[in-house]
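File shown: my_file06.pdb (PDB, C-alpha atoms, pLDDT in the B column).
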```pdb
ATOM      1  CA  MET N   1      36.556  92.237   2.641  1.00 61.00           C
ATOM      2  CA  GLU N   2      40.196  92.594   3.693  1.00 72.00           C
ATOM      3  CA  THR N   3      42.592  95.069   2.083  1.00 78.00           C
ATOM      4  CA  GLY N   4      44.838  92.256   0.839  1.00 77.00           C
ATOM      5  CA  GLN N   5      41.936  90.525  -0.862  1.00 82.00           C
ATOM      6  CA  LEU N   6      40.819  93.768  -2.499  1.00 88.00           C
ATOM      7  CA  SER N   7      44.357  94.306  -3.779  1.00 88.00           C
ATOM      8  CA  THR N   8      44.433  90.776  -5.234  1.00 87.00           C
ATOM      9  CA  ILE N   9      41.102  91.277  -6.974  1.00 90.00           C
ATOM     10  CA  PHE N  10      42.290  94.577  -8.456  1.00 91.00           C
ATOM     11  CA  GLU N  11      45.524  92.952  -9.663  1.00 88.00           C
ATOM     12  CA  ILE N  12      43.379  90.420 -11.527  1.00 90.00           C
ATOM     13  CA  ALA N  13      40.682  92.805 -12.765  1.00 94.00           C
ATOM     14  CA  PHE N  14      42.942  95.541 -14.155  1.00 92.00           C
ATOM     15  CA  PRO N  15      44.901  93.482 -16.715  1.00 89.00           C
ATOM     16  CA  LEU N  16      41.737  91.619 -17.729  1.00 92.00           C
ATOM     17  CA  PHE N  17      40.067  94.953 -18.418  1.00 93.00           C
ATOM     18  CA  LEU N  18      43.026  96.022 -20.553  1.00 87.00           C
ATOM     19  CA  ILE N  19      42.902  92.756 -22.489  1.00 87.00           C
ATOM     20  CA  MET N  20      39.170  93.128 -23.117  1.00 90.00           C
ATOM     21  CA  ASP N  21      40.097  96.504 -24.639  1.00 85.00           C
ATOM     22  CA  PRO N  22      36.590  98.019 -24.758  1.00 89.00           C
ATOM     23  CA  LEU N  23      37.898 101.353 -26.065  1.00 81.00           C
ATOM     24  CA  GLY N  24      39.657  99.596 -28.910  1.00 79.00           C
ATOM     25  CA  ASN N  25      36.711  97.312 -29.662  1.00 84.00           C
ATOM     26  CA  LEU N  26      34.149 100.101 -29.479  1.00 84.00           C
ATOM     27  CA  PRO N  27      34.782 101.634 -32.939  1.00 78.00           C
ATOM     28  CA  VAL N  28      34.830  98.153 -34.522  1.00 77.00           C
ATOM     29  CA  CYS N  29      31.523  97.175 -32.901  1.00 85.00           C
ATOM     30  CA  LEU N  30      29.851 100.461 -33.806  1.00 80.00           C
ATOM     31  CA  SER N  31      30.974 100.149 -37.421  1.00 74.00           C
ATOM     32  CA  MET N  32      29.337  96.705 -37.579  1.00 77.00           C
ATOM     33  CA  LEU N  33      26.109  98.056 -36.087  1.00 81.00           C
ATOM     34  CA  ARG N  34      26.065 101.462 -37.723  1.00 75.00           C
ATOM     35  CA  GLU N  35      22.779 100.790 -39.533  1.00 79.00           C
ATOM     36  CA  TYR N  36      20.927 100.300 -36.237  1.00 84.00           C
ATOM     37  CA  SER N  37      19.601 102.906 -33.844  1.00 83.00           C
ATOM     38  CA  PRO N  38      21.639 103.561 -30.645  1.00 81.00           C
ATOM     39  CA  ALA N  39      19.016 101.657 -28.603  1.00 85.00           C
ATOM     40  CA  ARG N  40      19.277  98.605 -30.885  1.00 88.00           C
ATOM     41  CA  GLN N  41      23.079  98.819 -30.810  1.00 86.00           C
ATOM     42  CA  ARG N  42      23.021  98.695 -27.013  1.00 88.00           C
ATOM     43  CA  ARG N  43      20.719  95.651 -27.007  1.00 91.00           C
ATOM     44  CA  ILE N  44      23.009  93.750 -29.377  1.00 92.00           C
ATOM     45  CA  LEU N  45      26.126  94.712 -27.406  1.00 92.00           C
ATOM     46  CA  LEU N  46      24.411  93.690 -24.150  1.00 94.00           C
ATOM     47  CA  ARG N  47      23.612  90.257 -25.581  1.00 94.00           C
ATOM     48  CA  GLU N  48      27.157  89.758 -26.879  1.00 94.00           C
ATOM     49  CA  LEU N  49      28.738  90.894 -23.603  1.00 95.00           C
ATOM     50  CA  PHE N  50      26.718  88.310 -21.673  1.00 96.00           C
ATOM     51  CA  PHE N  51      27.733  85.611 -24.153  1.00 96.00           C
ATOM     52  CA  ALA N  52      31.375  86.625 -23.649  1.00 95.00           C
ATOM     53  CA  LEU N  53      31.006  86.545 -19.858  1.00 96.00           C
ATOM     54  CA  GLY N  54      29.541  83.047 -19.974  1.00 94.00           C
ATOM     55  CA  ILE N  55      32.400  81.796 -22.151  1.00 92.00           C
ATOM     56  CA  ILE N  56      35.020  83.406 -19.883  1.00 93.00           C
ATOM     57  CA  ILE N  57      33.534  81.880 -16.708  1.00 91.00           C
ATOM     58  CA  LEU N  58      33.180  78.480 -18.382  1.00 88.00           C
ATOM     59  CA  PHE N  59      36.802  78.581 -19.491  1.00 85.00           C
ATOM     60  CA  MET N  60      37.905  79.759 -16.040  1.00 86.00           C
ATOM     61  CA  TYR N  61      36.414  76.690 -14.347  1.00 83.00           C
ATOM     62  CA  LEU N  62      37.343  74.153 -17.042  1.00 81.00           C
ATOM     63  CA  GLY N  63      40.823  75.534 -17.676  1.00 74.00           C
ATOM     64  CA  ALA N  64      42.578  73.763 -14.777  1.00 69.00           C
ATOM     65  CA  GLY N  65      41.139  70.381 -15.749  1.00 74.00           C
ATOM     66  CA  LEU N  66      42.117  70.933 -19.379  1.00 76.00           C
ATOM     67  CA  MET N  67      45.677  71.755 -18.339  1.00 74.00           C
ATOM     68  CA  LYS N  68      45.957  68.521 -16.332  1.00 76.00           C
ATOM     69  CA  MET N  69      44.477  66.466 -19.147  1.00 83.00           C
ATOM     70  CA  LEU N  70      46.937  67.892 -21.683  1.00 80.00           C
ATOM     71  CA  ASN N  71      49.824  67.824 -19.160  1.00 80.00           C
ATOM     72  CA  ILE N  72      50.544  71.528 -19.616  1.00 77.00           C
ATOM     73  CA  HIS N  73      52.725  73.148 -16.934  1.00 76.00           C
ATOM     74  CA  GLN N  74      51.751  76.460 -15.366  1.00 72.00           C
ATOM     75  CA  SER N  75      55.036  77.906 -16.619  1.00 79.00           C
ATOM     76  CA  THR N  76      54.107  77.006 -20.223  1.00 81.00           C
ATOM     77  CA  LEU N  77      50.715  78.663 -19.866  1.00 74.00           C
ATOM     78  CA  ARG N  78      52.172  81.828 -18.327  1.00 75.00           C
ATOM     79  CA  ILE N  79      54.874  82.176 -20.992  1.00 83.00           C
ATOM     80  CA  ALA N  80      52.364  81.526 -23.788  1.00 79.00           C
ATOM     81  CA  GLY N  81      49.948  84.007 -22.218  1.00 74.00           C
ATOM     82  CA  GLY N  82      52.707  86.614 -22.005  1.00 79.00           C
ATOM     83  CA  VAL N  83      53.618  86.131 -25.677  1.00 84.00           C
ATOM     84  CA  ILE N  84      49.972  86.466 -26.740  1.00 77.00           C
ATOM     85  CA  LEU N  85      49.513  89.583 -24.622  1.00 74.00           C
ATOM     86  CA  PHE N  86      52.638  91.116 -26.109  1.00 83.00           C
ATOM     87  CA  ILE N  87      51.364  90.535 -29.642  1.00 81.00           C
ATOM     88  CA  ILE N  88      47.940  91.957 -28.746  1.00 74.00           C
ATOM     89  CA  SER N  89      49.503  95.032 -27.126  1.00 78.00           C
ATOM     90  CA  MET N  90      51.675  95.684 -30.196  1.00 84.00           C
ATOM     91  CA  LYS N  91      48.561  95.570 -32.376  1.00 78.00           C
ATOM     92  CA  MET N  92      46.897  98.057 -30.028  1.00 74.00           C
ATOM     93  CA  ILE N  93      49.832 100.472 -30.312  1.00 82.00           C
ATOM     94  CA  PHE N  94      50.386  99.956 -34.060  1.00 82.00           C
ATOM     95  CA  PRO N  95      46.926  99.095 -35.428  1.00 74.00           C
ATOM     96  CA  LYS N  96      46.423  97.991 -39.003  1.00 70.00           C
ATOM     97  CA  PRO N  97      44.643 100.389 -41.357  1.00 66.00           C
ATOM     98  CA  GLU N  98      40.891 100.082 -41.185  1.00 55.00           C
ATOM     99  CA  SER N  99      39.783  97.469 -43.669  1.00 49.00           C
ATOM    100  CA  ALA N 100      36.665  95.668 -44.676  1.00 42.00           C
ATOM    101  CA  ALA N 101      35.199  94.978 -41.272  1.00 43.00           C
ATOM    102  CA  ASP N 102      32.024  96.160 -43.014  1.00 45.00           C
ATOM    103  CA  ASP N 103      31.556  92.768 -44.663  1.00 45.00           C
ATOM    104  CA  THR N 104      30.532  91.275 -41.307  1.00 46.00           C
ATOM    105  CA  GLU N 105      26.920  90.285 -40.784  1.00 49.00           C
ATOM    106  CA  LYS N 106      24.674  93.155 -39.803  1.00 57.00           C
ATOM    107  CA  ASP N 107      23.588  91.492 -36.547  1.00 70.00           C
ATOM    108  CA  PRO N 108      26.617  89.461 -35.431  1.00 75.00           C
ATOM    109  CA  PHE N 109      25.681  86.544 -33.179  1.00 81.00           C
ATOM    110  CA  ILE N 110      28.498  85.490 -30.789  1.00 85.00           C
ATOM    111  CA  VAL N 111      31.099  85.918 -33.562  1.00 79.00           C
ATOM    112  CA  PRO N 112      32.940  88.272 -33.860  1.00 79.00           C
ATOM    113  CA  ILE N 113      31.887  90.549 -30.978  1.00 86.00           C
ATOM    114  CA  ALA N 114      31.599  88.056 -28.102  1.00 90.00           C
ATOM    115  CA  VAL N 115      34.358  85.876 -29.571  1.00 85.00           C
ATOM    116  CA  PRO N 116      37.082  86.862 -30.318  1.00 78.00           C
ATOM    117  CA  LEU N 117      36.770  90.618 -29.612  1.00 82.00           C
ATOM    118  CA  PHE N 118      35.968  90.235 -25.908  1.00 89.00           C
ATOM    119  CA  ALA N 119      36.497  86.559 -25.040  1.00 88.00           C
ATOM    120  CA  GLY N 120      39.553  86.127 -27.231  1.00 79.00           C
ATOM    121  CA  PRO N 121      42.519  83.740 -26.887  1.00 74.00           C
ATOM    122  CA  SER N 122      44.576  86.244 -24.884  1.00 75.00           C
ATOM    123  CA  LEU N 123      41.813  86.794 -22.331  1.00 85.00           C
ATOM    124  CA  LEU N 124      41.062  83.086 -21.979  1.00 83.00           C
ATOM    125  CA  ALA N 125      44.775  82.376 -21.538  1.00 79.00           C
ATOM    126  CA  ALA N 126      45.013  85.087 -18.868  1.00 83.00           C
ATOM    127  CA  VAL N 127      41.999  83.683 -17.017  1.00 88.00           C
ATOM    128  CA  MET N 128      43.616  80.246 -17.041  1.00 81.00           C
ATOM    129  CA  VAL N 129      46.865  81.755 -15.727  1.00 78.00           C
ATOM    130  CA  TYR N 130      45.121  83.417 -12.792  1.00 82.00           C
ATOM    131  CA  GLY N 131      43.112  80.289 -12.093  1.00 76.00           C
ATOM    132  CA  SER N 132      46.284  78.169 -12.062  1.00 70.00           C
ATOM    133  CA  LYS N 133      48.052  80.297  -9.444  1.00 65.00           C
ATOM    134  CA  GLY N 134      46.071  78.766  -6.616  1.00 57.00           C
ATOM    135  CA  ASP N 135      44.228  81.983  -5.719  1.00 53.00           C
ATOM    136  CA  ALA N 136      40.817  81.694  -4.149  1.00 54.00           C
ATOM    137  CA  GLY N 137      38.198  81.135  -6.828  1.00 77.00           C
ATOM    138  CA  VAL N 138      36.220  84.053  -5.434  1.00 86.00           C
ATOM    139  CA  ASN N 139      39.109  86.433  -6.151  1.00 89.00           C
ATOM    140  CA  VAL N 140      39.443  85.348  -9.785  1.00 89.00           C
ATOM    141  CA  LEU N 141      35.676  85.409 -10.342  1.00 91.00           C
ATOM    142  CA  SER N 142      35.428  88.845  -8.717  1.00 93.00           C
ATOM    143  CA  GLY N 143      38.247  90.142 -10.915  1.00 93.00           C
ATOM    144  CA  VAL N 144      36.525  88.808 -14.035  1.00 94.00           C
ATOM    145  CA  LEU N 145      33.194  90.373 -13.043  1.00 96.00           C
ATOM    146  CA  ILE N 146      34.776  93.762 -12.263  1.00 96.00           C
ATOM    147  CA  ALA N 147      36.672  93.836 -15.578  1.00 96.00           C
ATOM    148  CA  TRP N 148      33.517  92.798 -17.412  1.00 96.00           C
ATOM    149  CA  ALA N 149      31.404  95.408 -15.603  1.00 97.00           C
ATOM    150  CA  MET N 150      33.853  98.182 -16.541  1.00 95.00           C
ATOM    151  CA  SER N 151      33.790  97.039 -20.164  1.00 95.00           C
ATOM    152  CA  PHE N 152      30.002  96.818 -19.970  1.00 95.00           C
ATOM    153  CA  ILE N 153      29.723 100.452 -18.852  1.00 94.00           C
ATOM    154  CA  ILE N 154      31.995 101.654 -21.649  1.00 91.00           C
ATOM    155  CA  MET N 155      30.173  99.662 -24.326  1.00 91.00           C
ATOM    156  CA  MET N 156      26.720 100.738 -23.128  1.00 91.00           C
ATOM    157  CA  THR N 157      27.794 104.385 -23.281  1.00 89.00           C
ATOM    158  CA  GLY N 158      29.659 103.673 -26.519  1.00 80.00           C
ATOM    159  CA  PRO N 159      27.571 105.652 -29.007  1.00 74.00           C
ATOM    160  CA  THR N 160      27.743 108.734 -26.766  1.00 80.00           C
ATOM    161  CA  MET N 161      31.449 108.256 -25.960  1.00 78.00           C
ATOM    162  CA  ALA N 162      32.326 107.836 -29.629  1.00 74.00           C
ATOM    163  CA  ARG N 163      30.729 111.177 -30.411  1.00 76.00           C
ATOM    164  CA  ILE N 164      32.564 112.917 -27.541  1.00 82.00           C
ATOM    165  CA  LEU N 165      36.050 111.450 -28.010  1.00 78.00           C
ATOM    166  CA  GLY N 166      35.987 110.941 -31.755  1.00 80.00           C
ATOM    167  CA  LYS N 167      38.149 108.411 -33.604  1.00 75.00           C
ATOM    168  CA  ARG N 168      41.401 110.079 -32.586  1.00 82.00           C
ATOM    169  CA  GLY N 169      40.473 110.155 -28.906  1.00 82.00           C
ATOM    170  CA  LEU N 170      39.502 106.471 -28.909  1.00 76.00           C
ATOM    171  CA  ARG N 171      42.704 105.580 -30.769  1.00 78.00           C
ATOM    172  CA  ALA N 172      44.821 107.500 -28.237  1.00 83.00           C
ATOM    173  CA  CYS N 173      43.148 105.689 -25.319  1.00 78.00           C
ATOM    174  CA  GLU N 174      43.693 102.330 -26.995  1.00 76.00           C
ATOM    175  CA  ARG N 175      47.406 103.007 -27.521  1.00 83.00           C
ATOM    176  CA  LEU N 176      47.815 104.047 -23.903  1.00 83.00           C
ATOM    177  CA  MET N 177      46.194 100.788 -22.808  1.00 77.00           C
ATOM    178  CA  GLY N 178      48.528  98.941 -25.182  1.00 79.00           C
ATOM    179  CA  LEU N 179      51.598 100.479 -23.525  1.00 85.00           C
ATOM    180  CA  ILE N 180      50.410  99.341 -20.106  1.00 80.00           C
ATOM    181  CA  LEU N 181      49.619  95.888 -21.479  1.00 77.00           C
ATOM    182  CA  ILE N 182      53.184  95.513 -22.807  1.00 85.00           C
ATOM    183  CA  LEU N 183      54.499  95.912 -19.256  1.00 83.00           C
ATOM    184  CA  LEU N 184      52.026  93.319 -17.980  1.00 78.00           C
ATOM    185  CA  SER N 185      52.943  90.869 -20.761  1.00 81.00           C
ATOM    186  CA  VAL N 186      56.673  91.141 -19.953  1.00 86.00           C
ATOM    187  CA  GLN N 187      55.873  90.593 -16.272  1.00 83.00           C
ATOM    188  CA  MET N 188      53.872  87.479 -17.180  1.00 78.00           C
ATOM    189  CA  LEU N 189      56.829  86.186 -19.214  1.00 86.00           C
ATOM    190  CA  GLU N 190      59.185  86.793 -16.292  1.00 87.00           C
ATOM    191  CA  ASP N 191      56.805  84.979 -13.924  1.00 82.00           C
ATOM    192  CA  GLY N 192      56.585  82.018 -16.299  1.00 82.00           C
ATOM    193  CA  ILE N 193      60.363  81.734 -16.656  1.00 88.00           C
ATOM    194  CA  ALA N 194      60.880  82.066 -12.897  1.00 87.00           C
ATOM    195  CA  TYR N 195      58.206  79.428 -12.225  1.00 80.00           C
ATOM    196  CA  TYR N 196      59.839  77.067 -14.741  1.00 83.00           C
ATOM    197  CA  ILE N 197      63.273  77.479 -13.137  1.00 87.00           C
ATOM    198  CA  THR N 198      62.109  77.038  -9.539  1.00 86.00           C
ATOM    199  CA  ASN N 199      59.381  74.400  -9.975  1.00 78.00           C
ATOM    200  CA  VAL N 200      60.176  72.402 -13.121  1.00 74.00           C
ATOM    201  CA  LEU N 201      63.960  72.390 -13.572  1.00 77.00           C
ATOM    202  CA  THR N 202      64.653  71.800  -9.871  1.00 74.00           C
ATOM    203  CA  ASN N 203      62.264  68.822  -9.667  1.00 66.00           C
TER     204      ASN N 203
END
```
With the file now loaded, output its structure as structure tokens.
Amino acid sequence: METGQLSTIFEIAFPLFLIMDPLGNLPVCLSMLREYSPARQRRILLRELFFALGIIILFMYLGAGLMKMLNIHQSTLRIAGGVILFIISMKMIFPKPESAADDTEKDPFIVPIAVPLFAGPSLLAAVMVYGSKGDAGVNVLSGVLIAWAMSFIIMMTGPTMARILGKRGLRACERLMGLILILLSVQMLEDGIAYYITNVLTN
């Protein structure tokens, strides 16, 4: 694999990993599954992560066709994706006080762990953005798989990591990821505006 291709894959995988936000989702997931043993928690998280991966890949391949059918420009998708990412990143930096996430079903099936915690609107929008740029499908798929694998490792070691870092440590990591995500969201907005000016207004 060439250096340029590796760089492209990393540029796709890194923001997707930040959007998946496994460190931010970890405390929420563990609070939902707190009545189960660590082994049972890992089995449930494994199932939900695979559901999320399937939804992401499905959306990645159907996204381009959906855009054409709805006559949505790439610039619109990039700007909308940037706005969503900005909102998500602000919530990561300034989270709401913990509330009654305890009312969720004991064994959540697809909702809310797979969707929307991992395969949420911001991630699906980002996948569509990358797919619409004309990059090789292998690069986008590789980026998705790498981001998912990194999230998978964190979630599978979640019970142990939560004990080591504690709530404050996890919260600090989430806010750091939110700061990075703000930069990426602004860049996505700039790309969308530039694409609109050069490809839509001039045509």
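Between atom CA of Ile19 of chain N and atom CA of Met150 of chain N the interatomic distance comes to 12.1 Å.
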Discussion item. Just want the 12 Å neighbourhood of Ala39 of chain N, counted on all atoms listed in the file, with same-chain residues fewer than 4 positions away dropped. Output as a list in words.
Written reply: Leu33, Arg34, Glu35, Arg43, Ile44, Leu45, Leu46, Met156, Thr157, Gly158, Pro159 and Thr160 of chain N
Worksheet item: Can you list what the PyMOL selection byres ((chain N and resi 184) around 10) grabs from this structure, as a ChimeraX atom specification?
Response: /N:15,18,82,85-86,89,178-183,185-190
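Excluding Gln74 of chain N itself and same-chain residues fewer than 5 positions from it, the residues having an atom within 12 Å of it are Gly63, Ala64, Leu66, Met67, Lys68, Ile79, Ala80, Gly81, Ala125, Ala126, Met128, Val129, Tyr130, Gly131, Ser132, Lys133, Gly134, Met188, Leu189, Asp191, Gly192, Ile193, Ala194, Tyr195, Tyr196, Ile197, Thr198, Asn199 and Val200 of chain N, counting all atoms listed in the file.
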Practice prompt. Compare N:Cys173, N:Ile87, N:Gly120, N:Val127 by their minimum atom-to-atom distance to Met20 of chain N, counting only C-alpha atoms, and give me the closest one.
Written response: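 Of N:Cys173, N:Ile87, N:Gly120, N:Val127, the one nearest Met20 of chain N, counting only C-alpha atoms, is N:Gly120.
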Practice prompt. List every protein, DNA or RNA residue that has at least one atom no more than 12 Å from (49.3, 102.6, -30.4) in the file's coordinates, counting all atoms listed in the file, and write the result as a count of residues only.
Written response: 25
Worksheet entry | Who sits within 8 Å of Phe14 of chain N, only C-alpha atoms, same chain under 3 positions skipped, as an NGL selection string | :N and (10-11 or 17-18 or 143 or 147)
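Relative to atom CA of Ser75 of chain N, atom CA of Val138 of chain N is found at 22.7 Å.
Reported to one decimal place, the separation of atom CA of Tyr61 of chain N from atom CA of Asn25 of chain N is 25.7 Å.
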Item to complete: Starting from the displayed file, determine the output of the PyMOL selection byres ((chain N and resi 109) around 12) and express the residue list as a PyMOL selection string.
Response: chain N and resi 32-33+44-52+104-108+110-116
Practice prompt. Go through N:Val83, N:Leu77, N:Ile56, N:Leu23 and flag the residue nearest Phe152 of chain N, using only C-alpha atoms for the distances.
Written response: N:Leu23
Discussion item. Between N:Met155, N:Ser142, N:Thr202, N:Ser37, which residue has the minimum interatomic distance to Gln5 of chain N, considering only C-alpha atoms?
Written reply: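 For Gln5 of chain N, the nearest of the given residues is N:Ser142.
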Worksheet item: Of the candidates N:Ser31, N:Met60, N:Arg78, N:Leu70, which one gets nearest to Asn139 of chain N if we count all atoms listed in the file?
Response: N:Met60
